[in-house]
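Note: the block below is model_32.txt and it holds compact mmCIF, C-alpha atoms.
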# COMPACT_ATOMS: atom_id res chain seq x y z
CA MET M 1 108.56 112.39 153.43
CA LEU M 2 104.93 111.78 152.66
CA SER M 3 102.94 110.13 155.48
CA GLN M 4 100.32 107.53 154.74
CA HIS M 5 97.00 109.37 154.85
CA GLY M 6 94.86 107.23 152.62
CA GLY M 7 94.12 106.84 148.95
CA ALA M 8 96.92 105.47 146.82
CA LEU M 9 99.47 105.54 149.63
CA ALA M 10 97.19 103.49 151.87
CA VAL M 11 96.85 100.87 149.16
CA LEU M 12 100.59 100.86 148.61
CA GLY M 13 101.23 100.42 152.31
CA LEU M 14 98.74 97.56 152.51
CA LEU M 15 100.40 95.84 149.56
CA LEU M 16 103.76 96.18 151.25
CA SER M 17 102.36 94.61 154.41
CA LEU M 18 100.98 91.68 152.47
CA LEU M 19 104.10 91.15 150.36
CA LEU M 20 106.66 91.45 153.13
CA GLY M 21 104.62 90.14 156.00
CA ALA M 22 104.73 93.35 158.02
CA PRO M 23 102.01 93.63 160.69
CA ALA M 24 99.13 95.60 159.25
CA ALA M 25 98.91 97.70 162.44
CA HIS M 26 102.33 99.24 161.79
CA ALA M 27 102.33 102.60 160.06
CA GLN M 28 104.21 102.92 156.79
CA SER M 29 105.79 105.93 155.17
CA VAL M 30 106.95 106.76 151.65
CA PHE M 31 110.27 108.51 151.17
CA ALA M 32 111.59 110.20 148.02
CA ASP M 33 114.99 111.86 148.05
CA ALA M 34 118.39 111.77 146.37
CA GLY M 35 118.84 108.22 147.65
CA GLY M 36 115.90 106.92 145.63
CA PHE M 37 112.37 105.89 146.57
CA ARG M 38 111.65 103.93 149.73
CA ILE M 39 108.64 102.53 151.53
CA ALA M 40 109.20 101.53 155.14
CA ASP M 41 107.44 100.87 158.40
CA ASP M 42 108.20 103.22 161.28
CA ASP M 43 110.50 100.69 162.95
CA GLY M 44 112.59 100.13 159.81
CA ASP M 45 112.08 96.37 160.00
CA TYR M 46 110.40 96.21 156.58
CA GLN M 47 111.62 98.31 153.68
CA LEU M 48 111.30 98.40 149.92
CA ARG M 49 113.72 100.51 147.88
CA ILE M 50 113.44 101.39 144.19
CA GLY M 51 116.29 102.93 142.23
CA GLY M 52 117.97 102.94 138.87
CA ASP M 53 120.89 104.04 136.69
CA LEU M 54 121.00 105.46 133.19
CA GLN M 55 124.28 106.00 131.33
CA THR M 56 124.52 107.28 127.76
CA ASP M 57 128.02 107.14 126.27
CA ALA M 58 129.76 108.59 123.24
CA ARG M 59 132.93 106.89 122.01
CA MET M 60 135.07 108.54 119.35
CA LEU M 61 138.17 106.91 117.88
CA LEU M 62 140.59 109.61 116.79
CA GLY M 63 143.07 109.68 113.92
CA ASP M 64 143.90 106.32 112.35
CA THR M 65 142.83 104.28 115.38
CA PRO M 66 141.74 100.79 114.25
CA GLY M 67 138.86 98.84 115.72
CA THR M 68 135.20 99.52 116.24
CA SER M 69 133.69 102.68 114.82
CA SER M 70 132.77 105.78 116.77
CA SER M 71 129.25 105.63 118.14
CA PHE M 72 126.66 106.74 120.68
CA PHE M 73 125.10 103.99 122.77
CA LEU M 74 123.05 103.35 125.87
CA ARG M 75 125.68 101.77 128.12
CA ARG M 76 123.54 100.99 131.15
CA ALA M 77 119.81 101.23 131.83
CA ARG M 78 119.31 99.57 135.18
CA VAL M 79 116.40 99.10 137.55
CA ARG M 80 117.25 98.23 141.16
CA LEU M 81 114.88 96.74 143.70
CA SER M 82 115.83 95.83 147.25
CA ALA M 83 113.76 94.79 150.23
CA THR M 84 114.46 94.20 153.92
CA LEU M 85 112.44 91.77 156.03
CA GLN M 86 112.69 91.88 159.82
CA ARG M 87 116.09 93.60 159.53
CA ARG M 88 118.02 90.33 159.18
CA PHE M 89 116.85 89.27 155.72
CA SER M 90 117.19 91.28 152.53
CA ILE M 91 116.98 90.70 148.80
CA ARG M 92 118.36 92.63 145.85
CA PHE M 93 117.43 92.46 142.19
CA MET M 94 119.02 94.54 139.44
CA SER M 95 118.21 94.23 135.75
CA ASP M 96 119.99 95.98 132.89
CA PHE M 97 118.55 96.94 129.49
CA GLY M 98 121.68 98.67 128.17
CA ARG M 99 123.02 98.00 124.66
CA GLY M 100 119.58 96.72 123.65
CA GLN M 101 119.86 93.56 125.78
CA ALA M 102 117.85 92.51 128.82
CA THR M 103 120.03 90.87 131.48
CA ILE M 104 119.91 90.12 135.19
CA GLN M 105 122.96 91.65 136.83
CA ASP M 106 122.25 90.98 140.51
CA ALA M 107 119.79 88.63 142.15
CA TYR M 108 120.65 87.54 145.67
CA ILE M 109 119.50 87.03 149.25
CA ASP M 110 121.36 88.29 152.34
CA PHE M 111 121.00 86.87 155.83
CA ARG M 112 122.55 88.89 158.64
CA PHE M 113 123.64 86.58 161.45
CA GLY M 114 125.01 89.36 163.63
CA SER M 115 126.82 92.67 163.56
CA GLY M 116 129.90 91.25 161.82
CA LEU M 117 128.72 88.26 159.77
CA SER M 118 126.29 87.85 156.85
CA LEU M 119 125.57 85.19 154.25
CA ARG M 120 124.89 86.06 150.61
CA ALA M 121 123.49 83.59 148.07
CA GLY M 122 122.66 84.16 144.41
CA ARG M 123 124.26 86.07 141.54
CA PHE M 124 126.46 89.03 142.44
CA SER M 125 129.92 90.61 141.99
CA THR M 126 132.77 88.32 143.01
CA PRO M 127 134.95 89.77 145.82
CA LEU M 128 138.23 90.19 143.93
CA GLY M 129 138.99 93.48 142.19
CA LEU M 130 138.85 96.85 143.93
CA GLU M 131 137.61 98.88 140.97
CA PHE M 132 135.17 96.20 139.86
CA LEU M 133 133.50 96.30 143.28
CA GLN M 134 133.15 100.07 142.93
CA SER M 135 129.84 101.31 141.52
CA SER M 136 130.03 102.14 137.82
CA ASN M 137 128.59 105.54 138.77
CA ALA M 138 131.65 106.31 140.92
CA THR M 139 134.57 105.00 138.83
CA MET M 140 137.27 107.50 137.97
CA HIS M 141 136.80 107.19 134.20
CA VAL M 142 134.17 105.90 131.79
CA GLU M 143 135.88 102.52 131.44
CA ARG M 144 137.30 100.46 134.28
CA GLY M 145 141.01 99.65 134.12
CA TYR M 146 142.84 96.62 132.76
CA PRO M 147 143.03 94.75 136.12
CA THR M 148 139.25 94.33 135.90
CA ALA M 149 139.73 92.31 132.69
CA PHE M 150 141.84 89.77 134.60
CA VAL M 151 139.32 88.94 137.34
CA SER M 152 135.93 87.26 137.24
CA ASN M 153 132.93 89.58 137.19
CA ARG M 154 129.52 88.39 138.36
CA ASP M 155 128.97 84.76 139.28
CA VAL M 156 126.55 82.51 141.16
CA GLY M 157 127.61 81.26 144.55
CA PHE M 158 127.55 81.54 148.34
CA GLN M 159 129.56 84.08 150.30
CA LEU M 160 130.20 84.88 153.95
CA TYR M 161 131.14 88.50 154.52
CA GLY M 162 131.14 91.31 157.03
CA ARG M 163 133.17 93.87 158.95
CA THR M 164 135.06 93.43 162.20
CA LEU M 165 137.74 95.15 164.31
CA GLY M 166 135.55 98.18 164.84
CA GLN M 167 134.46 98.23 161.15
CA ARG M 168 138.11 98.53 160.09
CA LEU M 169 138.46 95.10 158.46
CA GLN M 170 136.16 94.11 155.63
CA TYR M 171 136.27 90.43 154.64
CA SER M 172 134.59 88.10 152.15
CA VAL M 173 135.00 84.40 151.43
CA GLY M 174 132.85 82.39 149.05
CA VAL M 175 132.45 79.49 146.63
CA PHE M 176 131.44 80.27 143.04
CA ASN M 177 130.94 78.51 139.71
CA GLY M 178 134.21 79.94 138.37
CA ALA M 179 133.81 82.54 135.63
CA PRO M 180 136.73 83.10 133.21
CA ASP M 181 138.62 86.40 133.26
CA GLY M 182 136.46 89.44 132.59
CA THR M 183 133.23 87.47 132.23
CA SER M 184 130.06 86.63 134.16
CA LEU M 185 128.29 83.30 134.62
CA ASP M 186 124.79 82.08 135.43
CA GLY M 187 125.70 78.37 135.55
CA ASP M 188 128.62 75.98 135.20
CA ALA M 189 129.15 72.90 133.04
CA THR M 190 132.05 71.47 135.09
CA PRO M 191 132.10 70.16 138.70
CA PRO M 192 135.13 72.13 140.05
CA LYS M 193 134.36 75.48 141.68
CA ASP M 194 136.35 78.58 142.59
CA LEU M 195 137.17 79.60 146.13
CA ILE M 196 137.40 83.39 146.34
CA ALA M 197 138.47 85.43 149.37
CA ARG M 198 139.18 89.12 149.97
CA ALA M 199 140.31 91.17 152.95
CA PHE M 200 140.45 94.96 152.98
CA ILE M 201 141.61 96.95 155.99
CA GLU M 202 141.23 100.65 156.78
CA PRO M 203 143.39 100.98 159.92
CA TRP M 204 142.17 104.44 160.91
CA ARG M 205 138.53 104.17 159.86
CA ASN M 206 136.22 105.79 162.47
CA ASN M 207 139.27 106.63 164.63
CA ARG M 208 138.66 110.09 166.05
CA ASP M 209 142.18 110.25 167.47
CA ALA M 210 143.75 109.68 164.04
CA SER M 211 144.79 112.49 161.75
CA ASP M 212 142.35 113.41 159.00
CA TRP M 213 145.13 112.50 156.57
CA LEU M 214 145.08 108.87 157.70
CA ARG M 215 141.39 107.97 157.84
CA GLY M 216 141.03 107.56 154.09
CA LEU M 217 143.77 104.93 153.72
CA GLY M 218 142.80 101.36 152.84
CA ALA M 219 144.62 98.31 151.46
CA GLY M 220 143.67 94.74 150.74
CA LEU M 221 144.14 91.52 148.82
CA GLY M 222 141.79 89.40 146.72
CA VAL M 223 142.58 85.75 145.92
CA SER M 224 140.82 83.08 143.88
CA VAL M 225 141.79 79.42 143.40
CA GLY M 226 140.02 76.85 141.30
CA THR M 227 140.22 74.23 138.58
CA GLU M 228 138.93 74.83 135.08
CA ARG M 229 138.65 72.51 132.09
CA SER M 230 137.00 72.76 128.70
CA ALA M 231 133.41 71.51 128.44
CA ASN M 232 130.54 71.52 125.94
CA GLY M 233 132.58 73.20 123.24
CA SER M 234 133.88 75.96 125.51
CA SER M 235 137.64 76.28 126.00
CA GLY M 236 137.23 77.65 129.53
CA LEU M 237 139.54 80.53 128.58
CA ALA M 238 138.88 84.20 127.97
CA SER M 239 139.78 86.57 125.17
CA TYR M 240 140.76 90.17 125.91
CA ARG M 241 140.02 93.57 124.42
CA THR M 242 141.19 97.13 124.87
CA LEU M 243 139.24 99.53 127.05
CA HIS M 244 137.32 100.48 123.92
CA ARG M 245 136.57 96.98 122.70
CA SER M 246 139.14 96.40 119.96
CA ALA M 247 140.82 92.97 120.02
CA LEU M 248 143.97 92.49 122.13
CA PHE M 249 144.63 88.82 122.78
CA SER M 250 142.98 85.47 122.15
CA TYR M 251 144.26 81.92 122.14
CA ARG M 252 144.81 79.77 119.08
CA GLY M 253 142.17 77.24 118.12
CA GLY M 254 142.48 74.03 120.12
CA VAL M 255 143.90 75.70 123.25
CA GLU M 256 141.91 74.72 126.34
CA ALA M 257 141.95 75.25 130.08
CA ASP M 258 143.46 72.19 131.70
CA GLY M 259 143.98 72.51 135.43
CA ARG M 260 144.49 75.11 138.13
CA ARG M 261 143.45 78.74 137.79
CA MET M 262 144.71 81.24 140.35
CA ARG M 263 144.26 84.99 140.67
CA LEU M 264 146.01 87.41 143.01
CA VAL M 265 144.84 91.04 143.30
CA PRO M 266 146.62 93.39 145.77
CA GLN M 267 144.80 96.73 145.96
CA ALA M 268 144.70 100.04 147.81
CA TYR M 269 143.17 103.49 147.90
CA TYR M 270 143.80 106.73 149.71
CA TYR M 271 141.42 109.67 150.09
CA ALA M 272 142.25 112.92 151.88
CA GLY M 273 139.94 115.90 151.43
CA PRO M 274 139.52 116.64 147.72
CA PHE M 275 142.32 114.27 146.68
CA GLY M 276 142.03 110.57 145.91
CA VAL M 277 144.33 107.79 144.67
CA ILE M 278 143.36 104.23 143.72
CA GLY M 279 145.56 101.41 142.50
CA GLU M 280 145.58 97.67 142.00
CA TYR M 281 147.56 94.86 140.42
CA ALA M 282 146.05 91.68 138.98
CA LEU M 283 147.81 88.39 138.28
CA SER M 284 145.79 85.71 136.46
CA GLN M 285 147.51 82.32 136.12
CA HIS M 286 146.10 79.45 134.06
CA ASP M 287 147.10 75.88 133.17
CA VAL M 288 146.46 75.45 129.43
CA GLN M 289 146.80 72.62 126.92
CA ARG M 290 147.12 72.38 123.16
CA GLY M 291 147.45 68.85 121.85
CA ASP M 292 150.25 67.18 123.82
CA ASN M 293 151.67 70.50 124.99
CA THR M 294 150.85 72.00 128.40
CA GLU M 295 151.93 75.25 130.00
CA THR M 296 151.18 77.47 132.99
CA LEU M 297 150.62 81.02 131.73
CA ALA M 298 150.50 84.14 133.89
CA HIS M 299 148.92 87.35 132.59
CA ARG M 300 149.25 90.63 134.50
CA ALA M 301 147.85 94.15 134.63
CA TRP M 302 148.17 97.14 136.93
CA GLN M 303 146.76 100.62 137.21
CA ILE M 304 147.13 103.73 139.37
CA GLY M 305 144.92 106.79 139.14
CA GLY M 306 144.46 110.04 140.96
CA SER M 307 141.69 112.63 141.22
CA TRP M 308 141.28 116.16 142.54
CA VAL M 309 137.89 117.74 143.24
CA LEU M 310 138.47 121.31 142.07
CA THR M 311 135.57 122.74 144.05
CA GLY M 312 136.83 121.36 147.36
CA GLU M 313 134.32 118.59 148.11
CA SER M 314 135.65 115.34 149.54
CA ALA M 315 136.79 112.63 147.16
CA SER M 316 135.75 109.09 148.08
CA TYR M 317 135.45 105.52 146.84
CA GLY M 318 131.69 106.09 146.67
CA GLY M 319 131.95 109.13 144.40
CA VAL M 320 131.60 112.89 144.74
CA SER M 321 128.61 114.72 146.20
CA PRO M 322 128.50 118.46 145.39
CA GLU M 323 128.19 120.77 148.35
CA ASN M 324 126.05 123.19 146.34
CA SER M 325 123.79 122.04 143.51
CA TYR M 326 123.81 123.73 140.14
CA ASP M 327 121.92 127.02 140.30
CA PRO M 328 123.26 129.77 138.00
CA GLU M 329 120.96 132.36 139.57
CA ALA M 330 122.56 131.69 142.94
CA GLY M 331 126.03 131.47 141.41
CA THR M 332 126.56 127.80 142.31
CA TRP M 333 127.74 125.24 139.77
CA GLY M 334 127.99 121.91 141.54
CA ALA M 335 131.31 120.06 141.74
CA PHE M 336 134.14 119.61 139.23
CA GLU M 337 136.76 116.84 139.32
CA LEU M 338 140.01 116.32 137.41
CA SER M 339 141.43 112.80 137.09
CA ALA M 340 144.35 110.98 135.47
CA LYS M 341 145.34 107.34 135.19
CA VAL M 342 148.23 105.19 133.93
CA GLN M 343 147.84 101.44 133.41
CA ARG M 344 149.56 98.53 131.72
CA PHE M 345 148.80 94.93 130.71
CA GLN M 346 151.24 92.09 129.99
CA PHE M 347 150.36 88.70 128.54
CA ASP M 348 152.77 85.86 129.27
CA GLU M 349 155.53 85.77 126.65
CA ASP M 350 155.49 81.95 126.91
CA ALA M 351 152.08 82.03 125.22
CA PHE M 352 153.81 82.83 121.92
CA PRO M 353 153.87 81.20 119.43
CA GLN M 354 152.47 77.84 120.67
CA TYR M 355 149.26 79.13 122.28
CA ALA M 356 148.81 82.55 120.64
CA ASP M 357 149.70 83.86 117.20
CA PRO M 358 152.32 86.66 117.43
CA GLU M 359 151.25 87.90 114.00
CA ALA M 360 147.71 88.55 115.24
CA GLN M 361 147.87 89.07 119.02
CA VAL M 362 149.34 91.74 121.28
CA GLU M 363 151.74 90.96 124.15
CA ASN M 364 151.71 94.19 126.16
CA GLY M 365 150.46 97.76 126.19
CA THR M 366 150.30 100.97 128.20
CA SER M 367 147.44 103.47 128.51
CA LEU M 368 147.47 107.09 129.66
CA ALA M 369 144.20 108.88 130.34
CA ALA M 370 142.93 112.20 131.67
CA GLY M 371 139.35 113.16 132.48
CA LEU M 372 137.06 115.92 133.68
CA SER M 373 133.78 115.34 135.51
CA TRP M 374 131.00 117.76 136.38
CA TYR M 375 128.44 116.92 139.09
CA PRO M 376 125.64 119.52 138.83
CA VAL M 377 123.66 117.65 141.51
CA ARG M 378 124.32 114.54 143.54
CA ASN M 379 122.57 112.18 141.14
CA VAL M 380 123.90 113.48 137.81
CA ARG M 381 127.39 113.35 136.28
CA PHE M 382 128.87 114.54 132.99
CA MET M 383 132.27 113.01 132.17
CA THR M 384 134.83 113.39 129.37
CA VAL M 385 137.97 111.23 129.11
CA ALA M 386 140.85 111.33 126.58
CA GLU M 387 143.04 108.25 126.35
CA ARG M 388 146.08 106.97 124.44
CA THR M 389 147.12 103.30 124.32
CA THR M 390 150.34 101.95 122.80
CA PHE M 391 151.17 98.31 122.09
CA GLY M 392 154.31 96.18 121.95
CA GLY M 393 155.98 92.78 122.18
CA THR M 394 154.88 91.00 118.98
CA GLU M 395 154.93 91.54 115.24
CA ALA M 396 151.24 92.42 115.36
CA ALA M 397 151.74 94.91 118.18
CA ASN M 398 154.72 96.61 116.58
CA ALA M 399 152.74 97.10 113.40
CA ARG M 400 149.71 98.43 115.24
CA ASP M 401 149.03 102.13 115.56
CA ALA M 402 148.40 103.65 118.95
CA GLU M 403 144.74 103.84 119.98
CA HIS M 404 143.47 107.38 120.61
CA THR M 405 139.98 107.73 122.04
CA LEU M 406 137.67 110.36 123.42
CA THR M 407 134.75 109.14 125.51
CA MET M 408 131.91 111.06 127.08
CA ARG M 409 129.16 110.02 129.46
CA VAL M 410 125.95 111.48 130.82
CA GLN M 411 124.62 109.52 133.78
CA LEU M 412 121.79 109.71 136.22
CA SER M 413 121.60 107.50 139.31
CA TYR M 414 118.98 107.46 142.02

Target format structure tokens, applied to this file:
Amino acid sequence: MLSQHGGALAVLGLLLSLLLGAPAAHAQSVFADAGGFRIADDDGDYQLRIGGDLQTDARMLLGDTPGTSSSFFLRRARVRLSATLQRRFSIRFMSDFGRGQATIQDAYIDFRFGSGLSLRAGRFSTPLGLEFLQSSNATMHVERGYPTAFVSNRDVGFQLYGRTLGQRLQYSVGVFNGAPDGTSLDGDATPPKDLIARAFIEPWRNNRDASDWLRGLGAGLGVSVGTERSANGSSGLASYRTLHRSALFSYRGGVEADGRRMRLVPQAYYYAGPFGVIGEYALSQHDVQRGDNTETLAHRAWQIGGSWVLTGESASYGGVSPENSYDPEAGTWGAFELSAKVQRFQFDEDAFPQYADPEAQVENGTSLAAGLSWYPVRNVRFMTVAERTTFGGTEAANARDAEHTLTMRVQLSY
């Protein structure tokens, strides 16, 4: 911690007072540690945090794998700003310059009514999928699993959320524009909106009388209900790709959303010492229309993955923090983690052949993956993942070779 003694820090503290409305008489301090950079008054009522993420990926398609070519690319280059005003109000802004595009990922305001209830308004992650709500810096593998492709991503809306029952129950309920599967929205061309709710309970969280083997157990359910119809040339439906961006499934021309859309996402995780398990199932059901024909189609995906921190540190939903940072002179090497995952997707067989072409689209598939991560320090991670995906169910799938990929990532987060 560097106290405000004048010069540049005095100017910075004055600017903070003016911007956030903090009384000028309050002392401010500047913090710089593994959690990022922070400016705050001594009471903690006014704070400004600055952070960021940088992820550089390498994707290699092995053998005769079809699809996009092997490449290196800047996956994420994010700048995060958050500020707290009088403890009850906070804002967050996160931009992303990855893949050569400038986008706003998060931009929202939080108002804390009390210890167990807050209101969020703006653009942020919808409260549905377990792995999607996990930071990209902490996910088990480079790519999130197939269930994430069957839920909405970021959307604009209003959400009430909080924790209750002694912090054991986490809940969210909100109204959003209604993004299609696997996509994000900034606006909406149709009047109907999506109602999204999620509850996640950790029965033995913060329970000192409970066994250490029980405290890391959590389970929940995410649900969304809404109405979606085509508008302004958009079908209101999504197309789907493999974890490594080759085409999986898309609807025929002229197929449009035409009624109710419902998603159901049961989910759970379990962490005990160096071991962790995470799993979820996603059901995405849509009313669709093509000409005079209508149908309710249900697409599904599930995944289950496990990890083991070889060096003994605790596994957690928030990631791994090495007990000893990398220092070869001291004989310390950070933390190492092994992980494995199995997952499967299934598109509704009633989609073929009326709404999807069986000679071009895939009906189902299964992926097996194994990975190794090295955390030399808390803020840095090196990851390598090998994965094999097989396809089935249609003429196109039966003729398609298995997809073999090797992905690597170097990331820094602060």

Task: Given only C-alpha atoms as the counted atoms, nearest of M:Ser29, M:Gln55, M:Thr190, M:Gln167 to Asp43 in chain M - done: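 Residue with the minimum atom-to-atom distance to Asp43 in chain M: M:Ser29.
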
TODO: Counting only C-alpha atoms, select every polymer residue within 7 Å of (135.7, 75.8, 144.2) as defined in the file's coordinates, and provide the selection as a VMD selection string.
DONE: chain M and resid 175 to 176 192 to 195 226

Task: Proximity to Asn293 in chain M - best of M:Phe275, M:Trp308, M:Tyr355, M:Tyr326, only C-alpha atoms - done: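 Using only C-alpha atoms, the shortest distance to Asn293 in chain M belongs to M:Tyr355.
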
Task: Nearest to Thr126 in chain M, chosen from M:Ala40, M:Ala83, M:Met262, M:Val223, with all atoms listed in the file counted in the distances - done: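 Of all the options, M:Val223 lies closest to Thr126 in chain M.
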
Open item on the list: So, with all atoms listed in the file as the atoms that count, which of M:Gly276, M:Gln285, M:Thr227, M:Gly100 lies closest to Asp258 in chain M?
Closed with: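 Ranked by minimum distance to Asp258 in chain M, first place goes to M:Thr227.
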
- [ ] Counting only C-alpha atoms, figure out which residue out of M:Gly318, M:Gly334, M:Pro328, M:Gly162 gets nearest to Glu131 in chain M.
- [x]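 Of all the options, M:Gly318 lies closest to Glu131 in chain M.
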
Residues of range 236-309 of chain M within 12 Å of range 372-386 of chain M: nearest atom pair and distance (Å, one decimal) for each, counting only C-alpha atoms, sorted by chain and number, as a tab-separated table?
residue	atom	partner	partner_atom	distance
M:Leu243	CA	M:Ala386	CA	11.9
M:His244	CA	M:Ala386	CA	11.7
M:Gly306	CA	M:Leu372	CA	11.9
M:Ser307	CA	M:Leu372	CA	9.4
M:Trp308	CA	M:Leu372	CA	9.8
M:Val309	CA	M:Ser373	CA	9.1

Task: CA of Ala356 in chain M to CA of Phe150 in chain M, distance in Å rounded to a single decimal - done: 17.2 Å

Task: Given all atoms listed in the file as the counted atoms, nearest of M:Leu81, M:Leu368, M:Val156, M:Leu48 to Leu185 in chain M - done: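 Closest to Leu185 in chain M, using all atoms listed in the file: M:Val156.
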
- [ ] Tell me, in Å to one decimal, how far CA of Asp181 in chain M is from CA of Leu217 in chain M.
- [x]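 Rounded to one decimal, the two atoms are 28.1 Å apart.
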
Task: Atom pair CA of Ser95 in chain M / CA of Phe200 in chain M: separation (Å) - done: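 Value for the CA of Ser95 in chain M-CA of Phe200 in chain M distance: 28.1 Å.
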
Open item on the list: If we draw a sphere of 12 Å around (136.0, 77.0, 123.8), which residues have at least one atom in it when counting all atoms listed in the file? Please report them as a PyMOL selection string.
Closed with: chain M and resi 180+228-239+250-258+288

- [ ] Show which residues sit within 6 Å of Ala340 in chain M, as a list of chain:residue names. Count all atoms listed in the file, and ignore same-chain residues fewer than 5 positions away.
- [x] M:Gly305, M:Gly306, M:Ala369, M:Ala370

Task: Within 9 Å of His404 in chain M using all atoms listed in the file, minus same-chain residues under 4 positions, as a list in words - done: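 Contacts, with the query itself left out: Met60, Leu61, Leu62, Gly63, Asp64, Thr65, Ala386, Glu387, Arg388 and Thr389 of chain M.
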
- [ ] Excluding Leu264 in chain M and residues on its chain fewer than 3 positions from it, collect all residues at most 10 Å away from it, counting all atoms listed in the file, and give them as a list in words.
- [x]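 Final neighbour list, sorted by chain and number: Leu128, Gly129, Phe150, Val151, Arg198, Leu221, Gly222, Val223, Ser224, Val225, Gln267, Tyr281, Ala282, Leu283, Ser284, Gln285 and Arg300 of chain M.
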